[in-house]
Each structure stands twice: as structure tokens, then as C-alpha cells.
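Peer 1: Would you mind keeping the following structure in view while I ask a few things?
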Amino acid sequence: MDMVMKLGSSSAVVIFTKSSCCISHSIETLIRSFGANPIVYELDTHPNGKQMEKALMELECEPSVPAIFIGKELVGGANEIMSLNVRGKLKQLLIRAKAIWV
């Protein structure tokens, strides 16, 4: 779990995904559409992917991907990101995390 938390706080936006997950791709595209440049870890291709996926589950990410950290904090998964976006709060969160400047 420490590795995931350390990686999650290493940049303004960090996304844990799987290369085969279309929802992960959609969330990454949404975040990039604001001008953010997230660090993306694909668990199915990363050497420590299985360990990271287990740690995300311990952090109550269910399903384990996508898992999104913004501003060094675990925001959650696709539902949380979509909810923030619909309420107009995702952009503000990205600004506060200094992931975008607008």
C-alpha cells in the first residue's frame, strides 16, 4: 500500500489503469481534455502491477481500476471523477492540484 500511496503523491494527477479497460481510457481522456498531463500506471504491464492492484483494493478501490489521485489524494474511481465533472468541480480540483493553469 505504501508504494501506491507514494506513486499516487508523486505528481499532480496519477491514474492507475489496465490497458484493456475502456473506462480507464475514457477517464484518462477526460482528464487530458482539461490540459492535465497525468502519470499513468498500467497495472497489467507494470512489473509490480499485481501488488499495486492488491494495494488499491485495500484502499477500497472496487473495482481496482481506474484509481485516480489528484493533488496527492485518492479521489476514487470512474464514478467519483464523472460525478465531479458533472457537478463542474473536476476542473477546480485540477486547478487546486496545480495540474492545470486556467
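If you're wondering about the labels, chains in the C-alpha cells are A, B, ... by order shown, residues count from 1 in each chain, ligands from 1 in order shown.
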Could you pull out the strand (DSSP E or B) residues of region 47-77 of chain A from DSSP and send them as an MDAnalysis selection string?
Peer 2: chainID A and resid 67:70 73:76
Peer 1: DSSP on the backbone: what in chain A comes out alpha helix (DSSP H), as a PyMOL selection string?
Peer 2: chain A and resi 2-8+22-33+49-58+78-86+90-96
Peer 1: Name the residues in contact with region 24-27 of chain A at a cut-off of 10 Å, using only C-alpha atoms, excluding same-chain residues fewer than 6 positions from it; report them as a ChimeraX atom specification.
Peer 2: /A:15-18,33,40,42,65-68,77-79,81-82
Peer 1: So, counting only C-alpha atoms, which residue among A:Leu43, A:Ile31, A:Met52, A:Cys21 is closest to Lys6 (chain A)?
Peer 2: A:Met52
Peer 1: Find the distance between CA of Ala97 (chain A) and CA of Val13 (chain A) and write it in Å to one decimal.
Peer 2: 7.9 Å
Peer 1: Find the residue from A:Ala36, A:Ala99, A:Leu30, A:Cys61 that sits nearest to Asn85 (chain A); use only C-alpha atoms when measuring.
Peer 2: A:Leu30
Peer 1: Just want the 10 Å neighbourhood of Lys54 (chain A), counted on only C-alpha atoms, with same-chain residues fewer than 5 positions away dropped. Output as a ChimeraX atom specification.
Peer 2: /A:1,4,49,59-61,64
Peer 1: Which of these residues is nearest to Thr45 (chain A), using only C-alpha atoms: A:Ser20, A:Arg32, A:Glu62, A:Leu7?
Peer 2: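 Of A:Ser20, A:Arg32, A:Glu62, A:Leu7, the one nearest Thr45 (chain A) is A:Ser20, counting only C-alpha atoms.
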Peer 1: Which of these residues is nearest to Leu93 (chain A), using only C-alpha atoms: A:Ile70, A:Val14, A:Gly76, A:Pro38?
Peer 2: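 The closest residue to Leu93 (chain A) is A:Ile70.
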Peer 1: Which residue out of A:Gly71, A:Gly88, A:Pro47, A:Gly35 has the minimum interatomic distance to Ser9 (chain A) when only C-alpha atoms are used?
Peer 2: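 Checking each candidate against Ser9 (chain A), we get A:Gly71 as the closest.
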Peer 1: Point out the residue among A:Thr29, A:Ser19, A:Glu58, A:Arg87 with the least atom-to-atom distance to Asp44 (chain A), counting only C-alpha atoms.
Peer 2: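 Among the listed residues, the smallest separation from Asp44 (chain A) belongs to A:Ser19.
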Peer 1: If I take CA of Ile23 (chain A) and CA of Asp2 (chain A), how far is one from the other in Å, to one decimal?
Peer 2: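 Interatomic distance here is 25.4 Å.
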